[in-house]
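Peer 1: Data file my_file-v1.tsv (TSV, C-alpha atoms) is appended below.
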chain	number	residue	atom	x	y	z
A	87	MET	CA	-22.21	50.47	10.18
A	88	ASP	CA	-18.87	48.80	9.42
A	89	GLU	CA	-15.94	50.91	8.33
A	90	GLN	CA	-14.45	47.96	6.38
A	91	LEU	CA	-17.34	48.04	3.94
A	92	PRO	CA	-17.73	47.83	1.07
A	93	LEU	CA	-15.65	44.71	0.58
A	94	LEU	CA	-14.37	44.82	-2.99
A	95	THR	CA	-12.73	41.43	-3.07
A	96	TYR	CA	-12.47	40.77	-6.78
A	97	ALA	CA	-9.84	43.03	-8.41
A	98	GLY	CA	-11.19	46.00	-6.45
A	99	THR	CA	-14.82	45.24	-7.27
A	100	SER	CA	-17.69	43.22	-5.83
A	101	GLY	CA	-17.32	40.86	-8.79
A	102	TRP	CA	-19.36	39.97	-11.83
A	103	SER	CA	-20.30	36.89	-13.85
A	104	GLY	CA	-18.20	37.68	-16.92
A	105	THR	CA	-20.75	39.45	-19.10
A	106	ASP	CA	-20.47	43.13	-19.96
A	107	THR	CA	-23.86	43.84	-18.37
A	108	SER	CA	-22.84	42.12	-15.15
A	109	LYS	CA	-19.56	44.04	-15.12
A	110	ASP	CA	-21.40	47.35	-15.67
A	111	ARG	CA	-23.78	46.49	-12.82
A	112	ALA	CA	-20.86	45.74	-10.47
A	113	PHE	CA	-19.02	48.97	-11.26
A	114	ASP	CA	-22.23	51.00	-10.91
A	115	SER	CA	-23.19	49.36	-7.59
A	116	ASP	CA	-19.67	49.73	-6.20
A	117	SER	CA	-19.35	53.39	-7.17
A	118	THR	CA	-22.82	54.50	-6.03
A	119	GLY	CA	-22.74	52.87	-2.59
A	120	ARG	CA	-25.29	50.13	-3.33
A	121	THR	CA	-22.68	47.43	-2.71
A	122	LYS	CA	-21.91	48.85	0.73
A	123	LYS	CA	-25.61	49.14	1.60
A	124	SER	CA	-26.27	45.55	0.48
A	125	GLN	CA	-23.37	44.23	2.55
A	126	GLU	CA	-24.45	46.24	5.61
A	127	TYR	CA	-28.05	45.07	5.28
A	128	ALA	CA	-27.05	41.41	4.93
A	129	LEU	CA	-24.81	41.68	8.02
A	130	ARG	CA	-27.67	43.21	10.03
A	131	ILE	CA	-29.98	40.38	9.00
A	132	ILE	CA	-27.36	37.72	9.78
A	133	ASN	CA	-26.74	39.21	13.21
A	134	ASN	CA	-30.49	39.30	13.87
A	135	VAL	CA	-31.06	35.63	13.05
A	136	VAL	CA	-28.36	34.68	15.59
A	137	SER	CA	-27.68	30.91	15.82
A	138	VAL	CA	-30.32	29.98	13.21
A	139	GLY	CA	-28.32	31.54	10.36
A	140	ILE	CA	-29.64	32.23	6.87
A	141	THR	CA	-29.45	30.69	3.40
A	142	TRP	CA	-29.11	32.66	0.17
A	143	LYS	CA	-32.73	31.75	-0.58
A	144	GLU	CA	-33.99	33.08	2.76
A	145	LEU	CA	-31.97	36.27	2.29
A	146	SER	CA	-33.58	36.71	-1.14
A	147	GLU	CA	-37.06	36.19	0.34
A	148	ILE	CA	-36.41	38.83	3.02
A	149	THR	CA	-34.78	41.41	0.76
A	150	GLY	CA	-36.36	40.76	-2.61
A	151	TRP	CA	-32.88	40.38	-4.10
A	152	HIS	CA	-32.26	37.98	-6.99
A	153	HIS	CA	-30.10	34.90	-6.42
A	154	GLY	CA	-26.93	36.51	-7.82
A	155	LEU	CA	-27.01	39.46	-5.43
A	156	SER	CA	-27.86	37.41	-2.33
A	157	SER	CA	-25.33	34.73	-3.10
A	158	GLY	CA	-22.67	37.26	-4.10
A	159	VAL	CA	-23.03	39.33	-0.93
A	160	LEU	CA	-22.90	36.22	1.27
A	161	SER	CA	-19.89	34.84	-0.62
A	162	ILE	CA	-17.88	38.04	-0.24
A	163	LEU	CA	-18.72	38.37	3.47
A	164	HIS	CA	-17.73	34.72	3.93
A	165	LYS	CA	-14.54	34.99	1.85
A	166	GLU	CA	-13.43	37.99	3.92
A	167	GLY	CA	-14.11	36.16	7.20
A	168	MET	CA	-16.94	38.39	8.37
A	169	ILE	CA	-19.36	35.44	8.52
A	170	SER	CA	-19.11	31.64	8.44
A	171	ARG	CA	-20.82	28.99	6.32
A	172	LEU	CA	-21.99	25.89	8.09
A	173	LEU	CA	-21.68	22.43	6.55
A	174	GLU	CA	-25.28	21.78	7.53
A	175	LYS	CA	-28.02	22.66	5.06
A	176	ARG	CA	-31.56	23.91	5.20
A	177	GLY	CA	-33.77	23.53	2.15
A	178	LYS	CA	-30.79	22.14	0.16
A	179	CYS	CA	-28.84	25.38	0.79
A	180	ARG	CA	-25.84	26.02	3.01
A	181	ILE	CA	-26.41	28.19	6.06
A	182	TYR	CA	-24.44	31.39	6.64
A	183	ILE	CA	-24.05	32.57	10.20
A	184	ALA	CA	-22.36	35.26	12.29
A	185	ASN	CA	-18.98	33.99	13.47
A	186	ASN	CA	-19.90	34.32	17.15
A	187	TYR	CA	-22.88	31.94	16.69
A	188	VAL	CA	-21.05	29.00	15.09
A	189	ASP	CA	-20.94	27.29	18.51
A	190	GLY	CA	-18.60	24.47	17.49
A	191	ARG	CA	-20.57	23.46	14.39
A	192	GLU	CA	-18.59	22.42	11.32
A	193	THR	CA	-17.88	25.15	8.77
A	194	ASP	CA	-16.18	25.24	5.40
A	195	SER	CA	-14.03	27.69	3.52
A	196	GLN	CA	-15.23	29.88	0.69
A	197	GLY	CA	-14.35	29.29	-2.92
A	198	ARG	CA	-13.54	26.48	-5.23
A	199	LYS	CA	-11.69	23.49	-3.93
A	200	PRO	CA	-8.24	22.82	-5.43
A	201	LYS	CA	-8.22	20.09	-8.07
A	202	GLU	CA	-5.46	17.70	-8.99
A	203	CYS	CA	-3.82	18.29	-12.36
A	204	PRO	CA	-4.42	15.17	-14.50
A	205	ASN	CA	-0.94	15.52	-16.04
A	206	CYS	CA	1.32	16.15	-13.06
A	207	GLY	CA	-0.76	15.51	-9.95
A	208	HIS	CA	-0.20	18.94	-8.39
A	209	LEU	CA	-3.13	20.87	-6.97
A	210	VAL	CA	-4.36	23.67	-9.20
Could you express the structure from this file as structure tokens?

Peer 2:
Amino acid sequence: MDEQLPLLTYAGTSGWSGTDTSKDRAFDSDSTGRTKKSQEYALRIINNVVSVGITWKELSEITGWHHGLSSGVLSILHKEGMISRLLEKRGKCRIYIANNYVDGRETDSQGRKPKECPNCGHLV
């Protein structure tokens, strides 16, 4: 589908939570093609829901994926600029949308926001 996939954004992997089991799952998924298939499938769904967009919860309901997989796939696609995340929410969850369907709505960037160092005041 997309020759850029899989996106292996985190040190050449799709990322993991920090546990050895999560790390093993990431390496296995990345090396067997499951990461690429998950990213392709999510992109197809996002493009099919057009201007409505999708939340991680809705993606999980459609795919049967657990929260970590749905949220991880959406986060990587968002971080790499393949999709956008709207500021608006549905069911207390942010909405992810194909870039060409944002239609002037407010979006935000992916990742943690910089924080001010309590000692020196610089952003960290």

Peer 1: Rounded to one decimal in Å, what is the spacing between CA of Glu147 (chain A) and CA of Asp189 (chain A)?

Peer 2: 25.9 Å

Peer 1: Within 10 Å of region 109-116 of chain A, counting only C-alpha atoms, which residues qualify if same-chain residues fewer than 5 places away don't, as a list in words?

Peer 2: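 Answer for this query is Pro92, Leu93, Leu94, Gly98, Thr99, Ser100, Gly101, Trp102, Ser103, Gly104, Thr121, Lys122, Lys123 and Ser124 of chain A.
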
Peer 1: Could you check how far CA of Gln125 (chain A) sits from CA of Ile162 (chain A), in Å to one decimal?

Peer 2: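 Spanning CA of Gln125 (chain A) to CA of Ile162 (chain A) is a straight-line distance of 8.7 Å.
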
Peer 1: When you look at Ile140 (chain A) with a cut-off of 8 Å (counting all atoms listed in the file), what residues show up, excluding the ones that are within fewer than 2 positions of it in the same chain? I need them as a PyMOL selection string.

Peer 2: chain A and resi 132+135+138+142+144-145+181-183

Peer 1: From the list A:Arg191, A:Arg120, A:His153, A:Arg130, which residue is nearest Leu172 (chain A) when using only C-alpha atoms?

Peer 2: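 Of the candidates, the smallest distance to Leu172 (chain A) is held by A:Arg191.
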
Peer 1: Compute the distance from (-16.0, 31.8, 2.9) to each atom, counting only C-alpha atoms, keep the residues with any atom at most 8 Å away, and return them as a ChimeraX atom specification; use the coordinates of the file.

Peer 2: /A:161-167,169-171,194-197

Peer 1: Can those selected residues be exported to a file as a PDB file, in the frame of the given file so that it contains C-alpha atoms?

Peer 2:
ATOM      1  CA  SER A 161     -19.890  34.840  -0.620  1.00  0.00           C
ATOM      2  CA  ILE A 162     -17.880  38.040  -0.240  1.00  0.00           C
ATOM      3  CA  LEU A 163     -18.720  38.370   3.470  1.00  0.00           C
ATOM      4  CA  HIS A 164     -17.730  34.720   3.930  1.00  0.00           C
ATOM      5  CA  LYS A 165     -14.540  34.990   1.850  1.00  0.00           C
ATOM      6  CA  GLU A 166     -13.430  37.990   3.920  1.00  0.00           C
ATOM      7  CA  GLY A 167     -14.110  36.160   7.200  1.00  0.00           C
ATOM      8  CA  ILE A 169     -19.360  35.440   8.520  1.00  0.00           C
ATOM      9  CA  SER A 170     -19.110  31.640   8.440  1.00  0.00           C
ATOM     10  CA  ARG A 171     -20.820  28.990   6.320  1.00  0.00           C
ATOM     11  CA  ASP A 194     -16.180  25.240   5.400  1.00  0.00           C
ATOM     12  CA  SER A 195     -14.030  27.690   3.520  1.00  0.00           C
ATOM     13  CA  GLN A 196     -15.230  29.880   0.690  1.00  0.00           C
ATOM     14  CA  GLY A 197     -14.350  29.290  -2.920  1.00  0.00           C
TER      15      GLY A 197
END

Peer 1: One number please: CA of His152 (chain A) to CA of Leu91 (chain A), in Å, one decimal.

Peer 2: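 Between CA of His152 (chain A) and CA of Leu91 (chain A) the gap works out to 21.1 Å.
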
Peer 1: When you count all atoms listed in the file, which of these residues is closest to Glu174 (chain A): A:Thr141, A:Asn133, A:Gln90, A:Thr105?

Peer 2: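 Going through A:Thr141, A:Asn133, A:Gln90, A:Thr105 one by one, the smallest distance to Glu174 (chain A) is for A:Thr141.
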